[in-house]
Every structure is written in structure tokens, then in C-alpha cells.
Amino acid sequence: MVVLANFYAGKTVLITGATGFVGKVLLEKMVRDLPEIERIYIIIRGNAKERFEEDIMQSRIWDVCKAKMGEAAFNAHIHSKVVAIGGDLSKEGLGLSSEDYQTVVDQVNVIIHCAASIDFRERLDKAISSNLYASLNMLDLSKRLKNVVAYVHCSTAYVNSNREGWLDEELPVLDFNPEEMVDLIMKQDIQTLERITPNLLGAYPNTYTFTKAITERILALKRGDIPMCFLRPTIVGGSLKEPVPGWVDSVAAIGAVMLYCGVGLVQFMKGDGRMVADIVPVDHVANALIASAVAIGNQNVLKIHQIGTSHRNPVAWNRISHYVTEYWRNHTPKKSIARSQFSFHSSTIMYEAHFFMRYGVPSALLQVLSTLTGSEDTKTKAEGFKKMTRAARLICDTFKHFTAHEWVFSVTALEKVYQDLLDGEDRVKFNCDAAEINWQSYFCYFCFGLHKYVMKEEGVRPPTELLNTSIITKSDVNQSGFFQWVFADISWASTSYRHVTQTPLPPRAPTEIRSLVMNSPRVQQAMEKVSREEGVLVSEIEKRANQIMERMQSNLNVSVVRVLGWFLKKVWRKIYQGIHVDEKGIELIREAIKKSPVVLIPTHRSYIDFLIISYIFFEYNLPLPHIAAGEDFLSIIIVRWFFRNAGAFFLRRTFHGDSLYWAIFSEYVQRLVIDNQPMEFFIEGKRSRTGKSLHPKMGLLSMVCQPFFENRVQDVHIVPIGISYEKVLEGELYSNEMMGESKTKESFNGLLRASKVLKMNFGRINVVFTPPISIKQYSEDKSNEISSLRRLNPSSYNNTDKNTNSNNNNTTDQPNIIKPLVNTNSANISEGDFETQTSKPDTRSTGTYFDPFNNDDDRRLLIQDLGYQVVRDLNKSAIITTTSAVATILLSFRRGINREELISKVEWLREEIFARGGDVAFEGPSDALVDHSLKLLSNLVSKRRNMYEPGSAQLGVTNKNYRKNILVLNFYRNQLLHLFLWDGLVSLVILSILQSRSTIEQPVAGQQQQQSTINTNNVSTMNLNTVDQETLITEVRFLAKVLSQEFVNQPGYDTDEFILREINRMVTRGIISKEVGGNGTSSYGVKSEGACGFYANLFYPLIEGYMAGILTLFSIQPEMCIKKNQFLQRMCWFSEKMFEEGKLNFYESCSMEILSNSIQLFEQMKVVERKKLEEVVGKRTTRSTSSNKKPQKQQNQRRKPAPEEYIQLLTPYQDKDGLLKELTERLSKYKKSPQSKHQINDLRRTVVEDFPLLSSKL
């Protein structure tokens, strides 16, 4: 039973103050959620019909209702329900006409009186007239109603503001007779009244609260038998949820302070920031007004209900000022006069001194200057500043009483109504539970409402609720006192991290961990094995093991962490505008840490990744993680000591063949997991220099999961973390590496040189935590899923490659199609062999259960699946930044784009990203966001005659700076490419095939036209402007596999059903068109040419890069080997030459990363094979096979450099006019400007001529 709906069904309600803030929200709520109400009368002063249409009907408060019902239906509905009548509440008979008065008397059942004068400085006699006499006139009307059910009077909780502390729901305590006080006030002349008003008010801060208190006392005396309720809201703020979050349409009370703070007019106020504020959302007030009528319906009672937040969800003024300034700093209004900031002064002297210096001195100087110069412009500015000073003083003085005192208002009576009288549906629909308010989100939306509905600025977007906390300034909120004001960061670092969330087991001392690792069976067996192999004493191997452990182990020291935290806070403030954190994700991690070991896996785009997670955990009192870091950092003095003491443990980049190191490292990692210590590593293995996600490396992931599969821990939680940067520190270094330069080695001198970044602005960082993945739950789900599939089709799991689930549909006759295998690269530690200690036999046979606990192959399959799931979650959690969107548009318009069009395109791209499930850090007006991004990218972008283009473009494509700028912009663009992968490939295939049809050469006399590599068998029977479904799916799969090194997709994803689903999504979005032929076959064409061209343009650079790579293969002579690194450098040189000659359209196609990936692609395609040779002498290869080496020599050789890698064409591709040529021609069809076969042949000959001595026979 819905109590409220039934109570109001068939009843008529009279509302006063409907044109005001609270009244308007109340009216909207009743119209929207009480459809069975008979009629609503509203009394409006003046021309009621006209004001109803202008002030109420034209308000945007009805947007939700109009969207839900349709505008015509809504207009008909509201005019049938709501009747506006003219009147004046302060006059006898409410100023109503006799007809309207009688109608009200005959029909109205419920009165909700919201009208009042909220002017805190209104003259006392006028306030009495507006607040008291109007209420008495309403009481008189209620006594005349033929069927009165309830009278709800909207008062204020501050009727008791003459007291402090805890305030119950009781009538105000006055030290005078209220009726005598009213008579005294109304007998005074104006001058006398104004003079004695301060004495009359006493402890009350203003005439509003004073007259409201008098009104309550007199109404209580004169109510008779009228069912009456005083509803007392505290300070009313914007809406929490309804009609939309942040709704506000007037500037009053706290809204005025927040608005003036936003424009920089008010930057400080007298008061104590530690005091509890009491702000209540306006929709909670409206809901309480509606519910209060039920509590008194048809009862001869007087009840008092207070609605506020200080009782159940208190928030301090310091917190409010922080949330408000954070919003305005990220969404600076166009009308702002200064940067938003706010503080409190508890000392009157400090407050007055600050006000005098901030406003008084500048105002006086401007007045003097205007007098001396006589300039009209100066006089105007002086007068304007004087008005601004008065406004600032007025708002500060008006509100200082509420920031200097503290009250806690009991809400027990209203809570009892909700619990005893209302049902569950009512409690949800008419909610006023303060405990559910997230203050940070609330004040962000409140400011947004002021920005959008009051300031009426165009293009203002709702705040990103996920990332509305910046930890750079978060800890500053609670700083108070002189010492903390001066040494705020020291105070923060020394007082933080006191109440840390506890793990199930306390952390062990480093010495104890070392002892457990060194004495473990795994390490002991490894030492014995190495001792036997090298013929040395076990004691010598133990020394070596201790050296490894000492070099590897972390030594977490909280004191050092405090110093590092203090230093980093200084650095963050210097270089970042904000570090925005997903606080909901933080709380999920906190809960997971209490239950089981937690492993953190962030994205890896910058060295800052090593620091940021520990800093966040320190800020939020979470146990600091142990971080897997490369031994490269050990070469940096001082830094290595700080890193080790901050929780970093160090590992080699590779240790294949070193069984002792592997055993120690594996045991150490698993010991951290068993001890329930948080751990952090990067599943991508290295920083992504391209901005795209890298393929997962499974070694460390398998290590952290192994204790669970060995039943040494009950569960392990994996937490993918997306870290996105508006601007990365290493952008220039990445571009150098992509151009073939050597990686800059980490060193202390390099760190000192990097100090120049402290003078730069790198925008903001966004950190998003995905829900933790429970390995226990994940393995159970996968076991059930795969076991079911095996029982249904056991033969498909017999004698198959257990590391691959590749789909073989339509690929048996395609020798050049790649099978999606797990990416392997022995140069990375985490790709080592999966070590298992189980002695149990392989229990799985065809048709049995999937068992990762006892079957090594099943475990590998599960770990691989988990690794890809982690990368998918990393992609989903990565926030697309504005710099990424701007860089994408700039690279799509390399010849220049003006600001207006750039803003429009960024807006469009934002919506496209949202449509594909991406999350965008877009807050504030679009023009401000674009300007912000252009400022961050100012070293990469140039402006000529109002046109923006990649920097140094005017110097020509051969200019080195231009090329670097292109590569860095490409880094930012790559961050969003995965969202458009299938749209881009489908668009690319359709556009390329249609273009090739339009350029097919006519057959030479007597000769038949050679059939195109692309399937065009049915072209004559269908529309020449479409591509048949079978061809489209086949070619999209081909391109997807060509780009399999660039994008992380789980093996087996590219089924016909999957690709067709993506194609149909494009049809639904109106990007491509679909035609169905008479025989039922489907074909697809271009519908939105602009969109298709944009999507395809995103992927042309990658296709051209692989095209350059495959052309370089023609330089390899049959049966000859080439050093991989030398060949890669030559590929880079050749691709740049093609770009300079105009045979490549995009310089990013020459990126070393793309060319390196192309070699891995060709290896997977079985075009080339990779060989590792330890020693090459002339044209002979020798290997050291002697076992009679001395032990010392063997020991010195245990860490010898990795063997040189060579590549060689495999036999099927050694015929340059065979399969290699076919593959080249097929791929060339998808180059932006497709080349004819004779052009391809010319390029092949050019390659061979340019590399005459490249190949060498071994």
C-alpha cells in the first residue's frame, strides 16, 4: 500500500510561495509523483495567470516531466491539475476575490504554507507583516475550510538560533511575550524601529529568524483544533536528486556564498571552519512537507518536524569550502574576476585586516586614481569595485553568525513518521534520509546548478561524479591553527597514516621474510641444483643467493614514506592541477584488504605510476603496497634508497636460465601474498611508449595466483587500476625512442636535469579503481563455464593447443592469416616459464572437468584468460582526457582547423566516446576545455591565422620537431583508438573496396581483366556501392589479425558472430547502411561518409606502417639471416624515406614500435622465423658446449648478455613473386591511397636497390 499516494488521492491542496525556490520544487514533485491528486491551487501575488506562465511554466524545473510525458501532454496535464489565483497573503482575506475565496473554502483539504520573506536584513515591521500576519491569515482561512485535513507551515530550524548545541523539536524559548513584542514593533516609527532593532533581536542573528520564532509561538496559541505541523528546514540548498541533481534557480543563503566564491568575489569569511554546517537539499524539504501532512491528518495535534543533516550526516564548513572551490577551479565561470579560493578567520582582527587589505586598500587607491586622472573609465572601475566591496561585505556579514556557531538539530520526529506511517516505496520515492548524502557529490552538483541554471552559461556539463576528489588539496581541508597553516604539508605527512586498515595478518620484519624465503624448499632445492651443476659448494651458492635477496628485497619504512609523501605533495602541487581519485573504488579495496591478499595492477604510461598508487594509499590510510620495479632504478643513487624504503622490490628484466634467481624471486613474491601484504606490478611489463595497452605478461600474474591454487591462501583479489594523464612527463623521450634513438638510461644526473619539469603544467591525473577480481570466484565461474562446454563438445578439447582458442572459420585457405597467439617476448621477466610445484598427475581427459588446481594446462589457460580480463578492465577504467580528444582531431585535420570547428569536433567525438562505453574527463564548457588542452599541448601545436595545426608544420614534413610533435600527438590519440577499433576496420574495408572498384583499370584489348585479390565475384549482381557480408567479415578479420600486435584482444574473439554484431551496431548508429538482396544476402555501404572517413583515418597510419614493414622483407635474400636490430633500423630508415617521397601519408607509420610489432606479426604469420645465436664469427656460428669449464668461469658467465637475434624468411615466402607478393598486394589495398600493382612492383625494386648489402649468409 502506497500511503502518500492514497492520502492525497482525490484531495485538493493549497500551496503558497509556489514561485519561490522551495514552493516550486514542492509543486513539481506533487505534479510528477502524486498523479491522483484532485487539484492544486497556488496563490500568486499580482497577475496570477501571467506570473504562472512566466515564472512557473517557463521554468526548466519541468524538463523532466516534459521529457517523460511530451510537451503537449504535459501542458494539458498541468493546466488540468494546477490553478493559479491572485492574492496577497498579508491582506485580510488573503487578497482573494470573493469567488476564489469561496472556491478555496469549499474544495481545499490540505494547506502547505511556504510563503515567507527570507531577506535577512528586511525591516522588522515588514518582516512581521510578511511572516506573521500572512501566516495568521492562512490560519484564519484554514479554520473556514469545510473539510480541512492538515495545515503544514514551513518554518526554519533557526527559530532556536538564540541557543547553541543540540536542539530538540520543541517550540522556541522566548524571554518575552510574542504578542506584546509584535504590538511594540508595529507602534514604532521607522527611525526608532531601526535604532532599537539590534536590542529587540537579542541573540537572534536577523529579522527573519526572529519573526519566524514569534510566528511559531503565536500560531501555536491560536491554532484551535486545526491539525498543524511546523516543518523546520535548516539552510536549504540545491536538490540532491529531483527533479535533477543540483537544481537551483535563485541566489539566496548558502547559494549566494557559493556563487560569489565561484566568481572570486568572496574568498574568505569570519567563522570557524571546523564548525558543523547544516545544509539540507531542497528536494528533501519538499518530500518532508508532503509527508508531514500524513502525520497530522484529521488529528487535533500540533507537531514539530525538523529536517536537517547535522544529526545524521554532519559536514564541516571546511569541507564545504574545499568541495566548492574544487568545482569552481575545474569549471571557471566566464564572469569570474579572480581564481576561486576560500578560507575562514576565527579572529575578528584577522578577518577585518584581511578584508581591509583585500578590498579596502584597492578601493581607496582606485578612488584616488579616478580623482587624479578624471578618467571616466577609471571612475567606472572605481565605482564598480566599490559596489563589489559592499556586496562582499554584505554576504560575509549576513552569514557570519552561521559559520561562527554550531547547532545539531534533532530529526527524530520526522524519522518516526517515515518509519511508522510510510511504507518502503514511499520512503524511497519521497526520501529525506540525510545519511545517504555524499557531500562531495552534492556540492559539486549544487555548484553545477548555480553555474547552469542561475548563471545560465552555455555548454556547462554535470561534474564527473566518479572523479570529483583531488588529493592534492584534499588533506588541506582540516588544517587549522597558525602552525598547521605555515607547516601544512609537514603536519599532514606526520599525522597521516595513523589509523591504517589492517590486513588479516600483521606485516613481517624484512629479516623474517628473508629467513622464510631462503629456507623455503623451493630455494633450498634450487641452491642444491645449481651447486651440482656448477660443481661448487652449497655455501658458495648460499652467499650468491643472499646477495640476490639483498639486492631484490624491499625494506618498507613508514618514516621514510612520510618524508617522501611530504616531498611528493610539494611536487604534485607544482606540476599538476589535480590528482582525481575514484573514492568508491578506494572503499572497495579497503574491504578487500580486510579479507585476503590484494594485488594492484595499474596501467603503465609514466614513471609517475610507481609513486602515485602508494601516495594514494598513504592518503587514504591503506596498507602501502610492495611494488615490483626494474633494477634500472638501482643505478640512481638516493632514489633507490627512497624507493626501497617506500616498498619497492627490484627484479631483473630477464632471468631465463637462472634457476636460482627464479626460485628466490618466485618465493619472495609468493611470501608477500601469503602474508597478506598488498603488492603492485605492471602486467604490461614496460611503459607503453605509444599510449595503447600492451599485451599482458603472465609470469608475475601466475606467481601471485599460485598460493591460491596451492591452497596456501583462501583467496586473492586482483585490482586493475586505470591511470590517465592529460600530459605525460616523458612525451619527448617517447618520441625520441619512436624515432629510433636509444632509451635514455636512468641516472641521478638525468633526474637533476629533469627538474625543469617543476616549471611546467601537466594538467591533471585521473585514477580509477575497478572492482576487485576474486580469484576464487573467477576460477569457479570459469571452471563451471569451460566444464559445461567440454561436456557438450568433448572432442573439441582433444589434442588442441591449450594456450589458444583461435577461431578457424574461413581461414583454412588463407595462409597469410594470423592465428591469435599469446604474445611472447623473452626479454621480459614476467614471461618466464610458469613454475609449478604440484606432484599430482594430469587428471584431465576428454570430457572431464576444467581443473586449474590439479592440471597445469588448465591453470595456464585460466591465468591467460585472467590476464586478458585485467587488460580489458584497464581499458574500461582508463579515462579519456581532453588532450586525447583534441590531439585526435588535430591529427585528422593536419592542414589546420579553426577554433570553432575544433570545439565542435571535440564535442562530437566526446559523444562518440560515450556511445562506445568510454568515460571522458570532460567537465565545464567545451570552449574552456579545448583552450585548456591547447595550452597543455602548446609545445606540440602551432597557430597560424586562427588555424591550429601540429607544431612546426610550416617548416615541412622533414623537420625533426614536426615529426616529434606528430609522434607525441599520436601518443595521446592512441589512448582512445581501442574504442573505435571495429568501427574503424569496418569503415576502412568498405571505403577501400568501393574505392578500388571505382579505379579498376579497363582490360587491355584481347586480355581479360585480372581478378582482384579482394572478393568481387558478385559485384555485377549487387549494388556497386555496397560490399557483401561475407567479403566484409573476411576482410575485417584479416585486418584485425594484422593489427593483433597493436590491440589487446583475447584469442578467439574474432568469430563471424562477433564481427557481424559490431557491423550491425554501426548500422543501428546510422554509420553504414544495410541492404538485403532478393536471395537473402546482406550487403553494406556508407551512410555517414564523414563518420566513416574519420574512423578509417584513425587506422590508416597503422596499416601503412605494416605496409612499410612488409615491403622491407623483400630485401632479405633467400636462405640468409639478418640481425634483427639492424633490420629494424633499416625498416625505420626505409619507412622514413617512403614518407619523404610521399609514398606514406603519415609520419607515425614510421614509428619504431609499429615496425617492431610488424616483425612479431610476420613471425606469427610464419613469414619469418627468429633465431638466437650466441656467437657469430664471420659466416660461421659456434656454440660453447664444453662441460669442462672451471667453476669460477661458469660463475662469471651466469649473467652473460642475451644471444643475438636474427631473422630469416621461411621457405614458402622466399619466392618474392609468390606468397609474399600476394600478402603485400592484399595489405596494400587498405593503404589510404591504394597503389596499383605496378606501383607495388616499383617499390619492391626500390627496396632491393636500397639494401644491396643488407643480407648476409651464415
# chains A, B, ... in the order shown; residues from 1 in each chain; ligands from 1
>>> closest_atom_pairs(of="segment 484-556 of chain A", to="segment 595-614 of chain A", cutoff="12 Å", atoms="only C-alpha atoms", output="JSON lines")
{"residue": "A:Tyr497", "atom": "CA", "partner": "A:Ser614", "partner_atom": "CA", "distance": 11.6}
{"residue": "A:Thr501", "atom": "CA", "partner": "A:Lys595", "partner_atom": "CA", "distance": 11.1}
{"residue": "A:Gln502", "atom": "CA", "partner": "A:Lys595", "partner_atom": "CA", "distance": 9.7}
{"residue": "A:Thr503", "atom": "CA", "partner": "A:Lys595", "partner_atom": "CA", "distance": 7.4}
{"residue": "A:Pro504", "atom": "CA", "partner": "A:Lys595", "partner_atom": "CA", "distance": 6.5}
{"residue": "A:Leu505", "atom": "CA", "partner": "A:Ser596", "partner_atom": "CA", "distance": 9.4}
{"residue": "A:Pro506", "atom": "CA", "partner": "A:Pro597", "partner_atom": "CA", "distance": 11.9}
{"residue": "A:Pro507", "atom": "CA", "partner": "A:Pro597", "partner_atom": "CA", "distance": 11.9}
{"residue": "A:Leu556", "atom": "CA", "partner": "A:Ser614", "partner_atom": "CA", "distance": 11.5}
>>> select_by_dssp(residues="segment 649-772 of chain A", states="strand (DSSP E or B)", output="list in words")
Phe649, Phe650, Leu651, Met679, Glu680, His717, Ile718, Val719, Pro720, Ile721, Gly722, Ile723, Ser724, Tyr725, Arg764, Ile765, Asn766, Val767, Val768 and Phe769 of chain A
>>> residues_around(residues="segment 190-201 of chain A", least_positions_apart="3", cutoff="12 Å", atoms="only C-alpha atoms", output="PyMOL selection string")
chain A and resi 121-127+159+161-162+174-176+178+181-182+184-187+204-214
>>> write_last_selection(atoms="C-alpha atoms", output="PDB file, in the first residue's frame")
ATOM      1  CA  ARG A 121      18.047  42.332   6.603  1.00  0.00           C
ATOM      2  CA  GLU A 122      14.419  43.258   5.977  1.00  0.00           C
ATOM      3  CA  ARG A 123      12.996  45.935   8.255  1.00  0.00           C
ATOM      4  CA  LEU A 124      11.387  44.390  11.287  1.00  0.00           C
ATOM      5  CA  ASP A 125       7.853  45.689  10.714  1.00  0.00           C
ATOM      6  CA  LYS A 126       7.867  44.419   7.122  1.00  0.00           C
ATOM      7  CA  ALA A 127       9.184  41.038   8.247  1.00  0.00           C
ATOM      8  CA  VAL A 159      13.839  29.739  15.337  1.00  0.00           C
ATOM      9  CA  SER A 161      19.228  30.020  16.935  1.00  0.00           C
ATOM     10  CA  ASN A 162      19.296  32.084  20.132  1.00  0.00           C
ATOM     11  CA  LEU A 174      11.486  33.317  24.158  1.00  0.00           C
ATOM     12  CA  ASP A 175      12.207  35.686  27.043  1.00  0.00           C
ATOM     13  CA  PHE A 176       9.313  37.956  26.067  1.00  0.00           C
ATOM     14  CA  PRO A 178       5.417  37.399  21.476  1.00  0.00           C
ATOM     15  CA  MET A 181       6.515  42.277  21.193  1.00  0.00           C
ATOM     16  CA  VAL A 182       4.552  42.484  17.935  1.00  0.00           C
ATOM     17  CA  LEU A 184       5.561  47.174  20.360  1.00  0.00           C
ATOM     18  CA  ILE A 185       7.222  46.771  16.991  1.00  0.00           C
ATOM     19  CA  MET A 186       4.256  47.859  14.912  1.00  0.00           C
ATOM     20  CA  LYS A 187       3.744  51.056  17.022  1.00  0.00           C
ATOM     21  CA  TYR A 204      18.850  36.179  17.073  1.00  0.00           C
ATOM     22  CA  PRO A 205      21.081  36.902  14.045  1.00  0.00           C
ATOM     23  CA  ASN A 206      18.488  38.566  11.806  1.00  0.00           C
ATOM     24  CA  THR A 207      14.886  39.656  11.456  1.00  0.00           C
ATOM     25  CA  TYR A 208      13.968  36.502   9.513  1.00  0.00           C
ATOM     26  CA  THR A 209      14.718  34.023  12.316  1.00  0.00           C
ATOM     27  CA  PHE A 210      13.320  36.421  14.938  1.00  0.00           C
ATOM     28  CA  THR A 211       9.945  36.853  13.234  1.00  0.00           C
ATOM     29  CA  LYS A 212       9.745  33.125  12.396  1.00  0.00           C
ATOM     30  CA  ALA A 213      10.166  32.317  16.098  1.00  0.00           C
ATOM     31  CA  ILE A 214       7.415  34.782  17.024  1.00  0.00           C
TER      32      ILE A 214
END
>>> residues_around(residues="Phe649 of chain A", least_positions_apart="6", cutoff="10 Å", atoms="only C-alpha atoms", output="ChimeraX atom specification")
/A:549-556,626-631,640,643,665,668-669
>>> write_last_selection(atoms="C-alpha atoms", output="PDB file, in the first residue's frame")
ATOM      1  CA  MET A 549      67.961 -11.418  -1.917  1.00  0.00           C
ATOM      2  CA  GLU A 550      69.670  -8.324  -0.536  1.00  0.00           C
ATOM      3  CA  ARG A 551      69.596  -6.661  -3.938  1.00  0.00           C
ATOM      4  CA  MET A 552      65.973  -7.609  -4.519  1.00  0.00           C
ATOM      5  CA  GLN A 553      64.142  -7.144  -1.200  1.00  0.00           C
ATOM      6  CA  SER A 554      62.128  -4.108  -0.150  1.00  0.00           C
ATOM      7  CA  ASN A 555      62.516  -2.508   3.270  1.00  0.00           C
ATOM      8  CA  LEU A 556      59.282  -0.642   3.891  1.00  0.00           C
ATOM      9  CA  HIS A 626      55.175  -3.662  -2.271  1.00  0.00           C
ATOM     10  CA  ILE A 627      55.992  -2.526  -5.813  1.00  0.00           C
ATOM     11  CA  ALA A 628      57.771  -4.615  -8.452  1.00  0.00           C
ATOM     12  CA  ALA A 629      60.365  -2.282 -10.023  1.00  0.00           C
ATOM     13  CA  GLY A 630      63.130  -2.915 -12.544  1.00  0.00           C
ATOM     14  CA  GLU A 631      66.759  -2.999 -11.473  1.00  0.00           C
ATOM     15  CA  ARG A 640      66.990   3.653  -4.984  1.00  0.00           C
ATOM     16  CA  PHE A 643      62.200   3.529  -3.438  1.00  0.00           C
ATOM     17  CA  PHE A 665      62.097 -14.196  -6.792  1.00  0.00           C
ATOM     18  CA  TYR A 668      59.623 -13.823  -2.321  1.00  0.00           C
ATOM     19  CA  VAL A 669      56.594 -12.745  -4.338  1.00  0.00           C
TER      20      VAL A 669
END
>>> atom_distance(atom1="atom CA of Gln367 of chain A", atom2="atom CA of Phe385 of chain A")
9.4 Å
>>> closest_residue(among="A:Ser250, A:Asn761, A:Ser97, A:Ser926", to="Phe21 of chain A", atoms="only C-alpha atoms")
A:Ser250
>>> residues_around(residues="Val315 of chain A", least_positions_apart="4", cutoff="10 Å", atoms="only C-alpha atoms", output="list in words")
Arg274, Met275, Val276, Ala277, Asp278, Ile279, Thr309, Ser310, Arg319, Ile320 and Trp439 of chain A
>>> write_last_selection(atoms="C-alpha atoms", output="compact mmCIF listing (two decimals), in the first residue's frame")
# COMPACT_ATOMS: atom_id res chain seq x y z
CA ARG A 274 35.70 23.25 11.93
CA MET A 275 32.12 24.02 12.96
CA VAL A 276 29.37 21.70 11.69
CA ALA A 277 27.23 23.18 8.94
CA ASP A 278 23.66 22.10 8.30
CA ILE A 279 22.67 22.22 4.63
CA THR A 309 21.71 16.95 8.17
CA SER A 310 23.76 17.77 11.29
CA ARG A 319 34.84 20.50 3.83
CA ILE A 320 32.16 22.51 2.08
CA TRP A 439 28.67 15.60 0.40
>>> atom_distance(atom1="atom CA of Pro625 of chain A", atom2="atom CA of Val561 of chain A")
11.7 Å
>>> residues_around(residues="Leu26 of chain A", least_positions_apart="5", cutoff="9 Å", atoms="only C-alpha atoms", output="list in words")
Ile15, Ala18, Phe21, Val31, Val282, Asp283, Val285, Ala286, Asn287, Leu289 and Ile290 of chain A
>>> atom_distance(atom1="atom CA of Trp662 of chain A", atom2="atom CA of Asn519 of chain A")
15.0 Å
>>> residues_around(residues="Leu1113 of chain A", least_positions_apart="6", cutoff="10 Å", atoms="only C-alpha atoms", output="VMD selection string")
chain A and resid 1127 1131 1159 1162 1167 to 1168 1208 to 1209 1213 to 1214 1216 1220 1224 1244 1247 to 1248
>>> write_last_selection(atoms="C-alpha atoms", output="PDB file, in the first residue's frame")
ATOM      1  CA  PHE A1127      66.961  -4.944 -39.860  1.00  0.00           C
ATOM      2  CA  MET A1131      62.985  -0.644 -41.694  1.00  0.00           C
ATOM      3  CA  ILE A1159      58.313  -8.246 -37.176  1.00  0.00           C
ATOM      4  CA  PHE A1162      55.394 -11.704 -39.560  1.00  0.00           C
ATOM      5  CA  VAL A1167      56.551 -15.419 -42.862  1.00  0.00           C
ATOM      6  CA  VAL A1168      59.837 -15.171 -40.973  1.00  0.00           C
ATOM      7  CA  GLN A1208      65.132 -15.263 -41.800  1.00  0.00           C
ATOM      8  CA  LEU A1209      62.391 -15.663 -44.404  1.00  0.00           C
ATOM      9  CA  TYR A1213      57.895 -16.773 -48.605  1.00  0.00           C
ATOM     10  CA  GLN A1214      61.385 -16.856 -50.122  1.00  0.00           C
ATOM     11  CA  LYS A1216      59.367 -12.908 -53.883  1.00  0.00           C
ATOM     12  CA  LEU A1220      54.990 -12.634 -50.064  1.00  0.00           C
ATOM     13  CA  THR A1224      51.789  -7.385 -49.905  1.00  0.00           C
ATOM     14  CA  ARG A1244      59.787  -3.779 -54.310  1.00  0.00           C
ATOM     15  CA  VAL A1247      63.741  -1.896 -51.610  1.00  0.00           C
ATOM     16  CA  VAL A1248      66.195  -4.329 -53.171  1.00  0.00           C
TER      17      VAL A1248
END
>>> select_by_dssp(residues="segment 324-520 of chain A", states="helix (DSSP H, G or I)", output="NGL selection string")
:A and (324-330 or 348-373 or 376-404 or 412-420 or 424-429 or 434-436 or 439-454 or 465-467 or 471-478 or 482-486 or 488-495 or 510-518)
>>> closest_residue(among="A:Ile863, A:Val294, A:Val500, A:Ala488", to="Arg590 of chain A", atoms="only C-alpha atoms")
A:Val500
